[in-house]
Amino acid sequence: MAARRNNPSGIVPTIQNIVSTVDLDCVLDLKHIALHSRNSEFFPKRFSAVIMRIKDPKTTALIFASGKMVCTGAKTEAQSKLAARKFARIIQKLGFPAKFRDFRIQNIVASCDVQFTIRLEKFACTSHGAFSTYEPELFPGLIYRMKQPKLVLLIFVSGKVVITGAKKRDDFYTAFDNIYSVLAEFKK
Amino acid sequence: MGDAFCSDCKRQTEVVFDHSAGDTVCSECGLVLESHSIDETSEWRTFANESGDNDPVRVGGPTNPLLADGGLSTVIAKPNGGSGEFLSSSLGRWQNRGSNPDRGLILAFKTIATMSDRLGLVATIKDRANEIYKRVEDQKSSRGRNQDALLAACLYIACRQEDKPRTVKEICSVANGATKKEIGRAKEYIVKQLGLETGQSVEMGTIHAGDFMRRFCSNLGMNNQAVKAAQEAVQKSEEFDIRRSPISIAAAVIYIITQLSEEKKPSLKDISGATGVAEGTIRNSYKDLHPHVLKIIPSWFAKEEDLKNLCSP
């Protein structure tokens with residue numbers, strides 16, 4: 001994990017958000033949880049899950065009656081797992097036999113800056129046009145759907161790039177390496 | 001006059017064709033071999049100098065290859081005015097209830113035709129939109145979608161493919177009940193469907209401000225000089241790093257050009273109405289353009305002093 005920069009630019013994308021899911025493996029009484037914890041909200045008419053937040057790591061969890069939980073907002077994989085464990089601990093303390101099954105990271109969002117402005121229209125016209133969608137009327141960024149690894153990059157004129165859809169850290173490092181060499185051709 | 005086999009004489013005999021009654025008569029025994037023969041020569045005479053509008057030989061509209069039967073079937077229309085006739089109205093009802101595999105298609109084509117009429121589009125674009133809609137409909141997954149947005153998006157894609165793009169706002173104005181967001185989403189969906197069907201053949205270039213220049217300028221009634229200057233200005237502005245939607249840049253360039261010309265200057269509100277760009281956006285785009293105005297506006301159109309007199313944002 002150490003020498004990651006085979007990319008001559010030395011730019012490393014920073015993770016902004018990690019979404020993970022875990023199965024607590026027991027049926028939950030959402031009303032009971034909502035009434036007995038202070039940092040949660042539950043509006044069954046709007047959404048059938050309890051929304052709970054903790055301060056450290058600063059994360060939000062959606063807890064469903066089936067026992068499944070979605071944890072969002074963490075900045076590293078370790079933090080996401082720790083936060084999920086903390087949520088599970090809260091549910092345990094409330095009296096439910098919660099376990100920690102199948103912790104899985106579903107999505108990682110990262111962003112970075114290539115430090116130069118990019119000609120998006122030229123980019124969309126080339127052989128990469130098959131993977132790109134650029135509609136300045138609808139969205140100012142170019143949406144690049146990379147096939148290998150399978151994720152989506154949002155590329156903006158300012159040179160900022162947002163990478164999303166990765167399940168592992170290495171995926172988006174590879175993706176950024178691939179895209180950097182291509183983007184350099186379209187420097188303004 | 002000819003020879004045919006007569007069944008009474010049991011041999012080939014000379015046969016007379018009587019045109020008045022359409023009978024084929026054997027000349028030897030008088031037996032009528034064929035009666036009421038149908039004359040297949042032309043019913044009308046057509047002259048070279050007559051107008052070609054009502055050629056009686058041809059009937060019905062052009063065949064539509066997109067419809068199941070080529071559009072050849074006859075439809076009973078609803079009688080307008082007092083429909084006291086029980087027969088005609090119930091006939092219409094019976095026909096409509098019958099199996100008509102193309103009914104949805106015909107309705108959709110009619111809607112597309114209405115929309116393209118309101119925008120003043122040529123038949124090529126309308127036909128292309130029909131074709132796109134048919135290709136999307138063939139894949140059944142488009143059932144639950146907002147039909148209006150889907151049709152509007154077909155028209156939008158057709159305009160783009162013919163290199164005569166229309167802004168989404170313009171399409172919005174003729175599509176009843178479809179918002180910009182819905183049309184955008186429908187457009188992405190159609191592009192994906194067409195890409196699935198034929199491996200990635202959907203070609204649509206990105207829009208440029210210059211594509212819309214002519215239309216916006218003529219809506220505002222600018223003279224030829226101004227239009228030419230505006231087009232040149234927009235070409236030059238693409239080289240600069242201005243991070244705005246091409247439509248907003250077009251609107252701001254029009255604003256600058258009209259401020260520089262001596263004739264009646266359209267207000268921001270007029271430009272906003274013609275281009276569909278909000279007034280605040282035109283002002284902000286003008287702020288972005290102002291630093292480069294000397295390089296963008298062609299020198300034959302306005303001198304430097306006029307440019308300096310341009311109100312600074």
# chains A, B, ... in the order shown; residues from 1 in each chain; ligands from 1
$ residues_around --residues "Leu24 (chain A)" --least-positions-apart "4" --cutoff "12 Å" --atoms "only C-alpha atoms" --output "JSON, numbers by chain"
{"A": [28, 63, 64, 65, 66, 67, 68, 69, 70, 84, 85, 87, 88, 89, 90, 91, 92, 96, 97, 98, 99, 100, 101, 102, 103]}
$ write_last_selection --atoms "N, CA, C and O atoms" --output "mmCIF file, in the first residue's frame"
data_model
loop_
_atom_site.group_PDB
_atom_site.id
_atom_site.type_symbol
_atom_site.label_atom_id
_atom_site.label_comp_id
_atom_site.auth_asym_id
_atom_site.auth_seq_id
_atom_site.Cartn_x
_atom_site.Cartn_y
_atom_site.Cartn_z
ATOM 1 N N LEU A 28 -35.549 -5.749 14.124
ATOM 2 C CA LEU A 28 -35.467 -4.597 15.021
ATOM 3 C C LEU A 28 -36.814 -3.901 15.138
ATOM 4 O O LEU A 28 -37.582 -3.863 14.178
ATOM 5 N N ILE A 63 -30.993 2.514 9.553
ATOM 6 C CA ILE A 63 -31.186 1.211 10.177
ATOM 7 C C ILE A 63 -32.593 0.731 9.851
ATOM 8 O O ILE A 63 -33.571 1.422 10.151
ATOM 9 N N PHE A 64 -32.683 -0.445 9.215
ATOM 10 C CA PHE A 64 -33.970 -0.954 8.748
ATOM 11 C C PHE A 64 -34.506 -2.019 9.691
ATOM 12 O O PHE A 64 -33.768 -2.611 10.465
ATOM 13 N N ALA A 65 -35.782 -2.263 9.594
ATOM 14 C CA ALA A 65 -36.436 -3.191 10.511
ATOM 15 C C ALA A 65 -35.946 -4.616 10.315
ATOM 16 O O ALA A 65 -36.017 -5.438 11.230
ATOM 17 N N SER A 66 -35.438 -4.937 9.136
ATOM 18 C CA SER A 66 -34.979 -6.300 8.894
ATOM 19 C C SER A 66 -33.655 -6.574 9.579
ATOM 20 O O SER A 66 -33.207 -7.710 9.647
ATOM 21 N N GLY A 67 -33.011 -5.526 10.074
ATOM 22 C CA GLY A 67 -31.723 -5.725 10.722
ATOM 23 C C GLY A 67 -30.569 -5.295 9.839
ATOM 24 O O GLY A 67 -29.417 -5.353 10.245
ATOM 25 N N LYS A 68 -30.854 -4.839 8.617
ATOM 26 C CA LYS A 68 -29.770 -4.403 7.750
ATOM 27 C C LYS A 68 -29.492 -2.918 7.999
ATOM 28 O O LYS A 68 -30.397 -2.155 8.353
ATOM 29 N N MET A 69 -28.254 -2.520 7.825
ATOM 30 C CA MET A 69 -27.875 -1.140 8.136
ATOM 31 C C MET A 69 -26.947 -0.604 7.052
ATOM 32 O O MET A 69 -26.090 -1.320 6.546
ATOM 33 N N VAL A 70 -27.137 0.686 6.699
ATOM 34 C CA VAL A 70 -26.266 1.348 5.730
ATOM 35 C C VAL A 70 -25.533 2.463 6.463
ATOM 36 O O VAL A 70 -26.161 3.280 7.124
ATOM 37 N N ALA A 84 -19.566 1.583 11.905
ATOM 38 C CA ALA A 84 -20.606 0.562 11.831
ATOM 39 C C ALA A 84 -20.642 -0.250 13.124
ATOM 40 O O ALA A 84 -21.716 -0.590 13.641
ATOM 41 N N ARG A 85 -19.450 -0.521 13.658
ATOM 42 C CA ARG A 85 -19.418 -1.264 14.931
ATOM 43 C C ARG A 85 -20.037 -0.444 16.046
ATOM 44 O O ARG A 85 -20.735 -0.978 16.910
ATOM 45 N N PHE A 87 -22.420 1.787 15.781
ATOM 46 C CA PHE A 87 -23.870 1.744 15.618
ATOM 47 C C PHE A 87 -24.416 0.415 16.127
ATOM 48 O O PHE A 87 -25.438 0.352 16.820
ATOM 49 N N ALA A 88 -23.698 -0.661 15.765
ATOM 50 C CA ALA A 88 -24.163 -1.983 16.204
ATOM 51 C C ALA A 88 -24.165 -2.062 17.727
ATOM 52 O O ALA A 88 -25.056 -2.662 18.345
ATOM 53 N N ARG A 89 -23.142 -1.430 18.336
ATOM 54 C CA ARG A 89 -23.062 -1.429 19.808
ATOM 55 C C ARG A 89 -24.256 -0.709 20.408
ATOM 56 O O ARG A 89 -24.826 -1.156 21.397
ATOM 57 N N ILE A 90 -24.647 0.430 19.770
ATOM 58 C CA ILE A 90 -25.807 1.174 20.276
ATOM 59 C C ILE A 90 -27.052 0.293 20.220
ATOM 60 O O ILE A 90 -27.842 0.236 21.172
ATOM 61 N N ILE A 91 -27.216 -0.401 19.098
ATOM 62 C CA ILE A 91 -28.408 -1.265 18.964
ATOM 63 C C ILE A 91 -28.363 -2.370 20.021
ATOM 64 O O ILE A 91 -29.384 -2.742 20.611
ATOM 65 N N GLN A 92 -27.143 -2.882 20.266
ATOM 66 C CA GLN A 92 -27.007 -3.933 21.282
ATOM 67 C C GLN A 92 -27.416 -3.426 22.647
ATOM 68 O O GLN A 92 -28.117 -4.091 23.407
ATOM 69 N N PHE A 96 -31.243 -5.341 21.644
ATOM 70 C CA PHE A 96 -31.443 -6.273 20.535
ATOM 71 C C PHE A 96 -30.189 -7.120 20.361
ATOM 72 O O PHE A 96 -29.087 -6.618 20.521
ATOM 73 N N PRO A 97 -30.329 -8.394 20.002
ATOM 74 C CA PRO A 97 -29.144 -9.263 19.852
ATOM 75 C C PRO A 97 -28.436 -8.998 18.529
ATOM 76 O O PRO A 97 -28.487 -9.801 17.597
ATOM 77 N N ALA A 98 -27.764 -7.838 18.438
ATOM 78 C CA ALA A 98 -27.154 -7.459 17.158
ATOM 79 C C ALA A 98 -25.834 -8.170 16.957
ATOM 80 O O ALA A 98 -25.031 -8.292 17.882
ATOM 81 N N LYS A 99 -25.598 -8.634 15.728
ATOM 82 C CA LYS A 99 -24.302 -9.207 15.378
ATOM 83 C C LYS A 99 -23.680 -8.346 14.295
ATOM 84 O O LYS A 99 -24.281 -7.367 13.874
ATOM 85 N N PHE A 100 -22.501 -8.718 13.841
ATOM 86 C CA PHE A 100 -21.825 -7.906 12.830
ATOM 87 C C PHE A 100 -21.503 -8.802 11.646
ATOM 88 O O PHE A 100 -20.391 -9.294 11.513
ATOM 89 N N ARG A 101 -22.497 -8.979 10.778
ATOM 90 C CA ARG A 101 -22.287 -9.903 9.668
ATOM 91 C C ARG A 101 -22.098 -9.175 8.354
ATOM 92 O O ARG A 101 -22.784 -8.190 8.107
ATOM 93 N N ASP A 102 -21.204 -9.713 7.487
ATOM 94 C CA ASP A 102 -21.097 -9.228 6.106
ATOM 95 C C ASP A 102 -20.855 -7.739 6.009
ATOM 96 O O ASP A 102 -21.562 -7.056 5.278
ATOM 97 N N PHE A 103 -19.887 -7.223 6.702
ATOM 98 C CA PHE A 103 -19.568 -5.812 6.502
ATOM 99 C C PHE A 103 -18.958 -5.667 5.116
ATOM 100 O O PHE A 103 -17.985 -6.337 4.776
#
$ interface_residues --of "chain A" --to "chain B" --cutoff "12 Å" --atoms "only C-alpha atoms" --output "ChimeraX atom specification"
/A:116-143,156-159,187-188
$ select_by_dssp --residues "region 18-105 of chain A" --states "helix (DSSP H, G or I)" --output "ChimeraX atom specification"
/A:30-36,77-93
$ write_last_selection --atoms "N, CA and C atoms" --output "short mmCIF file (atom, residue, chain, number, x, y, z; two decimals), in the first residue's frame"
data_model
loop_
_atom_site.label_atom_id
_atom_site.label_comp_id
_atom_site.auth_asym_id
_atom_site.auth_seq_id
_atom_site.Cartn_x
_atom_site.Cartn_y
_atom_site.Cartn_z
N LEU A 30 -38.13 -0.51 15.20
CA LEU A 30 -37.62 0.83 14.91
C LEU A 30 -38.20 1.88 15.85
N LYS A 31 -39.46 1.71 16.22
CA LYS A 31 -40.07 2.71 17.11
C LYS A 31 -39.35 2.72 18.45
N HIS A 32 -39.03 1.54 18.94
CA HIS A 32 -38.33 1.43 20.22
C HIS A 32 -36.97 2.10 20.13
N ILE A 33 -36.26 1.82 19.03
CA ILE A 33 -34.93 2.42 18.87
C ILE A 33 -35.04 3.94 18.81
N ALA A 34 -36.03 4.44 18.05
CA ALA A 34 -36.14 5.89 17.88
C ALA A 34 -36.48 6.57 19.20
N LEU A 35 -37.31 5.90 20.02
CA LEU A 35 -37.73 6.53 21.27
C LEU A 35 -36.62 6.50 22.31
N HIS A 36 -35.78 5.46 22.26
CA HIS A 36 -34.81 5.30 23.34
C HIS A 36 -33.42 5.78 22.99
N GLU A 77 -11.73 3.55 5.12
CA GLU A 77 -12.38 2.25 5.27
C GLU A 77 -12.41 1.83 6.74
N ALA A 78 -11.30 2.09 7.42
CA ALA A 78 -11.24 1.70 8.84
C ALA A 78 -12.27 2.46 9.65
N GLN A 79 -12.42 3.77 9.35
CA GLN A 79 -13.40 4.57 10.07
C GLN A 79 -14.80 4.06 9.81
N SER A 80 -15.04 3.64 8.54
CA SER A 80 -16.38 3.16 8.22
C SER A 80 -16.70 1.91 9.03
N LYS A 81 -15.71 1.02 9.15
CA LYS A 81 -15.96 -0.20 9.91
C LYS A 81 -16.15 0.12 11.39
N LEU A 82 -15.33 1.04 11.89
CA LEU A 82 -15.45 1.43 13.29
C LEU A 82 -16.80 2.04 13.56
N ALA A 83 -17.24 2.92 12.66
CA ALA A 83 -18.55 3.57 12.86
C ALA A 83 -19.66 2.54 12.85
N ALA A 84 -19.57 1.58 11.91
CA ALA A 84 -20.61 0.56 11.83
C ALA A 84 -20.64 -0.25 13.12
N ARG A 85 -19.45 -0.52 13.66
CA ARG A 85 -19.42 -1.26 14.93
C ARG A 85 -20.04 -0.44 16.05
N LYS A 86 -19.80 0.86 16.04
CA LYS A 86 -20.37 1.71 17.08
C LYS A 86 -21.89 1.69 17.00
N PHE A 87 -22.42 1.79 15.78
CA PHE A 87 -23.87 1.74 15.62
C PHE A 87 -24.42 0.41 16.13
N ALA A 88 -23.70 -0.66 15.77
CA ALA A 88 -24.16 -1.98 16.20
C ALA A 88 -24.17 -2.06 17.73
N ARG A 89 -23.14 -1.43 18.34
CA ARG A 89 -23.06 -1.43 19.81
C ARG A 89 -24.26 -0.71 20.41
N ILE A 90 -24.65 0.43 19.77
CA ILE A 90 -25.81 1.17 20.28
C ILE A 90 -27.05 0.29 20.22
N ILE A 91 -27.22 -0.40 19.10
CA ILE A 91 -28.41 -1.27 18.96
C ILE A 91 -28.36 -2.37 20.02
N GLN A 92 -27.14 -2.88 20.27
CA GLN A 92 -27.01 -3.93 21.28
C GLN A 92 -27.42 -3.43 22.65
N LYS A 93 -26.95 -2.18 22.96
CA LYS A 93 -27.25 -1.62 24.28
C LYS A 93 -28.74 -1.39 24.44
#
$ residues_around --residues "Glu263 (chain B)" --least-positions-apart "2" --cutoff "12 Å" --atoms "only C-alpha atoms" --output "list in words"
Leu220, Gly221, Met222, Asn223, Gln225, Ala226, Ile257, Thr258, Gln259, Leu260, Ser261, Lys265 and Pro266 of chain B
$ write_last_selection --atoms "N, CA, C and O atoms" --output "PDB file, in the first residue's frame"
ATOM      1  N   LEU B 220     -34.422  38.436 -32.690  1.00  0.00           N
ATOM      2  CA  LEU B 220     -34.339  39.786 -32.153  1.00  0.00           C
ATOM      3  C   LEU B 220     -34.357  40.824 -33.253  1.00  0.00           C
ATOM      4  O   LEU B 220     -34.374  42.017 -32.962  1.00  0.00           O
ATOM      5  N   GLY B 221     -34.279  40.394 -34.504  1.00  0.00           N
ATOM      6  CA  GLY B 221     -34.341  41.360 -35.593  1.00  0.00           C
ATOM      7  C   GLY B 221     -33.060  42.137 -35.784  1.00  0.00           C
ATOM      8  O   GLY B 221     -33.098  43.326 -36.103  1.00  0.00           O
ATOM      9  N   MET B 222     -31.927  41.482 -35.601  1.00  0.00           N
ATOM     10  CA  MET B 222     -30.659  42.190 -35.799  1.00  0.00           C
ATOM     11  C   MET B 222     -30.327  42.233 -37.280  1.00  0.00           C
ATOM     12  O   MET B 222     -30.694  41.336 -38.029  1.00  0.00           O
ATOM     13  N   ASN B 223     -29.572  43.267 -37.690  1.00  0.00           N
ATOM     14  CA  ASN B 223     -29.247  43.341 -39.114  1.00  0.00           C
ATOM     15  C   ASN B 223     -28.059  42.436 -39.432  1.00  0.00           C
ATOM     16  O   ASN B 223     -27.377  41.937 -38.559  1.00  0.00           O
ATOM     17  N   GLN B 225     -25.047  42.751 -40.601  1.00  0.00           N
ATOM     18  CA  GLN B 225     -23.722  43.072 -40.071  1.00  0.00           C
ATOM     19  C   GLN B 225     -23.569  42.543 -38.664  1.00  0.00           C
ATOM     20  O   GLN B 225     -22.572  41.901 -38.311  1.00  0.00           O
ATOM     21  N   ALA B 226     -24.583  42.831 -37.881  1.00  0.00           N
ATOM     22  CA  ALA B 226     -24.523  42.440 -36.472  1.00  0.00           C
ATOM     23  C   ALA B 226     -24.477  40.927 -36.337  1.00  0.00           C
ATOM     24  O   ALA B 226     -23.740  40.381 -35.509  1.00  0.00           O
ATOM     25  N   ILE B 257     -23.001  42.865 -28.745  1.00  0.00           N
ATOM     26  CA  ILE B 257     -23.102  43.333 -30.130  1.00  0.00           C
ATOM     27  C   ILE B 257     -24.228  44.351 -30.264  1.00  0.00           C
ATOM     28  O   ILE B 257     -24.084  45.379 -30.941  1.00  0.00           O
ATOM     29  N   THR B 258     -25.359  44.081 -29.629  1.00  0.00           N
ATOM     30  CA  THR B 258     -26.472  45.013 -29.785  1.00  0.00           C
ATOM     31  C   THR B 258     -26.204  46.322 -29.058  1.00  0.00           C
ATOM     32  O   THR B 258     -26.667  47.376 -29.480  1.00  0.00           O
ATOM     33  N   GLN B 259     -25.434  46.276 -27.969  1.00  0.00           N
ATOM     34  CA  GLN B 259     -25.080  47.522 -27.297  1.00  0.00           C
ATOM     35  C   GLN B 259     -24.159  48.353 -28.171  1.00  0.00           C
ATOM     36  O   GLN B 259     -24.153  49.571 -28.094  1.00  0.00           O
ATOM     37  N   LEU B 260     -23.351  47.683 -28.998  1.00  0.00           N
ATOM     38  CA  LEU B 260     -22.399  48.412 -29.823  1.00  0.00           C
ATOM     39  C   LEU B 260     -23.029  48.983 -31.082  1.00  0.00           C
ATOM     40  O   LEU B 260     -22.546  49.957 -31.628  1.00  0.00           O
ATOM     41  N   SER B 261     -24.116  48.368 -31.552  1.00  0.00           N
ATOM     42  CA  SER B 261     -24.689  48.848 -32.809  1.00  0.00           C
ATOM     43  C   SER B 261     -25.539  50.071 -32.547  1.00  0.00           C
ATOM     44  O   SER B 261     -25.992  50.321 -31.433  1.00  0.00           O
ATOM     45  N   LYS B 265     -31.703  49.132 -29.449  1.00  0.00           N
ATOM     46  CA  LYS B 265     -31.033  48.102 -28.668  1.00  0.00           C
ATOM     47  C   LYS B 265     -32.067  47.310 -27.880  1.00  0.00           C
ATOM     48  O   LYS B 265     -32.797  47.876 -27.087  1.00  0.00           O
ATOM     49  N   PRO B 266     -32.095  46.003 -28.102  1.00  0.00           N
ATOM     50  CA  PRO B 266     -33.034  45.202 -27.301  1.00  0.00           C
ATOM     51  C   PRO B 266     -32.603  45.193 -25.836  1.00  0.00           C
ATOM     52  O   PRO B 266     -31.416  45.152 -25.535  1.00  0.00           O
TER      53      PRO B 266
END
$ residues_around --residues "Thr59 (chain A)" --least-positions-apart "4" --cutoff "9 Å" --atoms "only C-alpha atoms" --output "number ranges by chain"
A: 52-55, 71-74, 80, 83-84
$ residues_around --residues "Leu105 (chain B)" --least-positions-apart "5" --cutoff "12 Å" --atoms "only C-alpha atoms" --output "list in words"
Asn64, Leu66, Leu67, Ala68, Gly71, Asn100, Lys110, Thr111, Ile112, Asn130, Glu131, Ile132, Tyr133, Lys134, Arg135, Val136, Glu137, Asp138, Gln147 and Leu151 of chain B
$ write_last_selection --atoms "N, CA, C and O atoms" --output "mmCIF file, in the first residue's frame"
data_model
loop_
_atom_site.group_PDB
_atom_site.id
_atom_site.type_symbol
_atom_site.label_atom_id
_atom_site.label_comp_id
_atom_site.auth_asym_id
_atom_site.auth_seq_id
_atom_site.Cartn_x
_atom_site.Cartn_y
_atom_site.Cartn_z
ATOM 1 N N ASN B 64 -45.968 4.912 -44.766
ATOM 2 C CA ASN B 64 -45.085 5.145 -43.636
ATOM 3 C C ASN B 64 -44.456 3.804 -43.255
ATOM 4 O O ASN B 64 -45.125 2.942 -42.704
ATOM 5 N N LEU B 66 -42.671 2.965 -40.964
ATOM 6 C CA LEU B 66 -42.531 2.707 -39.541
ATOM 7 C C LEU B 66 -43.757 2.019 -38.977
ATOM 8 O O LEU B 66 -43.696 1.338 -37.971
ATOM 9 N N LEU B 67 -44.903 2.221 -39.607
ATOM 10 C CA LEU B 67 -46.123 1.616 -39.088
ATOM 11 C C LEU B 67 -46.228 0.185 -39.582
ATOM 12 O O LEU B 67 -45.632 -0.185 -40.575
ATOM 13 N N ALA B 68 -47.058 -0.610 -38.890
ATOM 14 C CA ALA B 68 -47.097 -2.044 -39.158
ATOM 15 C C ALA B 68 -47.515 -2.356 -40.588
ATOM 16 O O ALA B 68 -46.896 -3.162 -41.264
ATOM 17 N N GLY B 71 -49.359 2.050 -43.025
ATOM 18 C CA GLY B 71 -50.319 3.153 -42.918
ATOM 19 C C GLY B 71 -51.396 3.086 -43.980
ATOM 20 O O GLY B 71 -51.968 4.089 -44.363
ATOM 21 N N ASN B 100 -55.686 -2.690 -32.914
ATOM 22 C CA ASN B 100 -54.962 -1.696 -33.693
ATOM 23 C C ASN B 100 -53.567 -1.585 -33.120
ATOM 24 O O ASN B 100 -53.328 -0.796 -32.220
ATOM 25 N N LYS B 110 -48.333 11.753 -34.050
ATOM 26 C CA LYS B 110 -49.108 12.996 -34.175
ATOM 27 C C LYS B 110 -48.576 14.049 -33.216
ATOM 28 O O LYS B 110 -48.480 15.236 -33.571
ATOM 29 N N THR B 111 -48.245 13.608 -31.975
ATOM 30 C CA THR B 111 -47.711 14.567 -30.996
ATOM 31 C C THR B 111 -46.389 15.147 -31.473
ATOM 32 O O THR B 111 -46.157 16.356 -31.374
ATOM 33 N N ILE B 112 -45.522 14.283 -32.006
ATOM 34 C CA ILE B 112 -44.239 14.775 -32.499
ATOM 35 C C ILE B 112 -44.471 15.766 -33.632
ATOM 36 O O ILE B 112 -43.794 16.803 -33.726
ATOM 37 N N ASN B 130 -39.505 10.443 -35.430
ATOM 38 C CA ASN B 130 -40.414 9.292 -35.456
ATOM 39 C C ASN B 130 -39.646 7.990 -35.418
ATOM 40 O O ASN B 130 -39.981 7.036 -34.714
ATOM 41 N N GLU B 131 -38.557 7.950 -36.214
ATOM 42 C CA GLU B 131 -37.756 6.738 -36.288
ATOM 43 C C GLU B 131 -37.146 6.400 -34.935
ATOM 44 O O GLU B 131 -37.153 5.250 -34.492
ATOM 45 N N ILE B 132 -36.605 7.450 -34.281
ATOM 46 C CA ILE B 132 -36.003 7.227 -32.966
ATOM 47 C C ILE B 132 -37.048 6.711 -31.997
ATOM 48 O O ILE B 132 -36.804 5.759 -31.242
ATOM 49 N N TYR B 133 -38.248 7.311 -32.039
ATOM 50 C CA TYR B 133 -39.283 6.886 -31.108
ATOM 51 C C TYR B 133 -39.645 5.433 -31.354
ATOM 52 O O TYR B 133 -39.815 4.644 -30.425
ATOM 53 N N LYS B 134 -39.723 5.038 -32.636
ATOM 54 C CA LYS B 134 -40.090 3.644 -32.929
ATOM 55 C C LYS B 134 -39.031 2.700 -32.389
ATOM 56 O O LYS B 134 -39.335 1.657 -31.827
ATOM 57 N N ARG B 135 -37.749 3.077 -32.581
ATOM 58 C CA ARG B 135 -36.687 2.190 -32.118
ATOM 59 C C ARG B 135 -36.719 2.037 -30.612
ATOM 60 O O ARG B 135 -36.462 0.965 -30.074
ATOM 61 N N VAL B 136 -37.047 3.131 -29.906
ATOM 62 C CA VAL B 136 -37.112 3.032 -28.448
ATOM 63 C C VAL B 136 -38.329 2.221 -28.023
ATOM 64 O O VAL B 136 -38.265 1.422 -27.095
ATOM 65 N N GLU B 137 -39.448 2.403 -28.731
ATOM 66 C CA GLU B 137 -40.667 1.687 -28.358
ATOM 67 C C GLU B 137 -40.535 0.190 -28.555
ATOM 68 O O GLU B 137 -41.198 -0.592 -27.888
ATOM 69 N N ASP B 138 -39.684 -0.204 -29.520
ATOM 70 C CA ASP B 138 -39.531 -1.637 -29.786
ATOM 71 C C ASP B 138 -39.016 -2.368 -28.571
ATOM 72 O O ASP B 138 -39.302 -3.544 -28.385
ATOM 73 N N GLN B 147 -44.505 9.904 -21.100
ATOM 74 C CA GLN B 147 -44.544 9.900 -22.567
ATOM 75 C C GLN B 147 -44.169 11.244 -23.163
ATOM 76 O O GLN B 147 -43.428 11.310 -24.144
ATOM 77 N N LEU B 151 -41.182 11.822 -25.884
ATOM 78 C CA LEU B 151 -41.360 12.354 -27.230
ATOM 79 C C LEU B 151 -40.528 13.614 -27.424
ATOM 80 O O LEU B 151 -39.898 13.809 -28.469
#
$ residues_around --residues "region 230-233 of chain B" --least-positions-apart "5" --cutoff "8 Å" --atoms "only C-alpha atoms" --output "list in words"
Gly210, Met213, Arg214, Val253, Ile254, Ile257, Ile296, Ile297 and Pro298 of chain B
$ write_last_selection --atoms "C-alpha atoms" --output "mmCIF file, in the first residue's frame"
data_model
loop_
_atom_site.group_PDB
_atom_site.id
_atom_site.type_symbol
_atom_site.label_atom_id
_atom_site.label_comp_id
_atom_site.auth_asym_id
_atom_site.auth_seq_id
_atom_site.Cartn_x
_atom_site.Cartn_y
_atom_site.Cartn_z
ATOM 1 C CA GLY B 210 -22.497 29.338 -32.957
ATOM 2 C CA MET B 213 -26.571 32.364 -33.205
ATOM 3 C CA ARG B 214 -28.534 32.717 -36.421
ATOM 4 C CA VAL B 253 -22.325 38.092 -27.004
ATOM 5 C CA ILE B 254 -25.636 39.181 -28.495
ATOM 6 C CA ILE B 257 -23.102 43.333 -30.130
ATOM 7 C CA ILE B 296 -13.553 38.821 -29.262
ATOM 8 C CA ILE B 297 -15.408 41.554 -31.120
ATOM 9 C CA PRO B 298 -14.140 41.853 -34.703
#
$ atom_distance --atom1 "CA of Leu196 (chain B)" --atom2 "CA of Ile106 (chain B)"
24.9 Å
$ closest_residue --among "B:Gln139, B:Asn49, B:Gln161, B:Asn146" --to "Ile125 (chain B)" --atoms "only C-alpha atoms"
B:Gln161
$ closest_residue --among "A:Val22, A:Val152, A:Val162, A:Ile11" --to "Arg104 (chain A)" --atoms "only C-alpha atoms"
A:Val22
$ residues_around --residues "region 12-19 of chain B" --least-positions-apart "4" --cutoff "12 Å" --atoms "only C-alpha atoms" --output "ChimeraX atom specification"
/B:1-8,23-39
$ atom_distance --atom1 "CA of Ile108 (chain A)" --atom2 "CA of Lys150 (chain A)"
12.5 Å
$ atom_distance --atom1 "CA of Ile171 (chain B)" --atom2 "CA of Tyr156 (chain B)"
6.8 Å
$ closest_residue --among "A:Leu183, A:Val12, A:Val19, A:Cys26" --to "Gly95 (chain A)" --atoms "only C-alpha atoms"
A:Cys26
$ select_by_dssp --residues "region 86-183 of chain A" --states "strand (DSSP E or B)" --output "PyMOL selection string"
chain A and resi 101-113+118+132-133+142-146+151-155+160-166
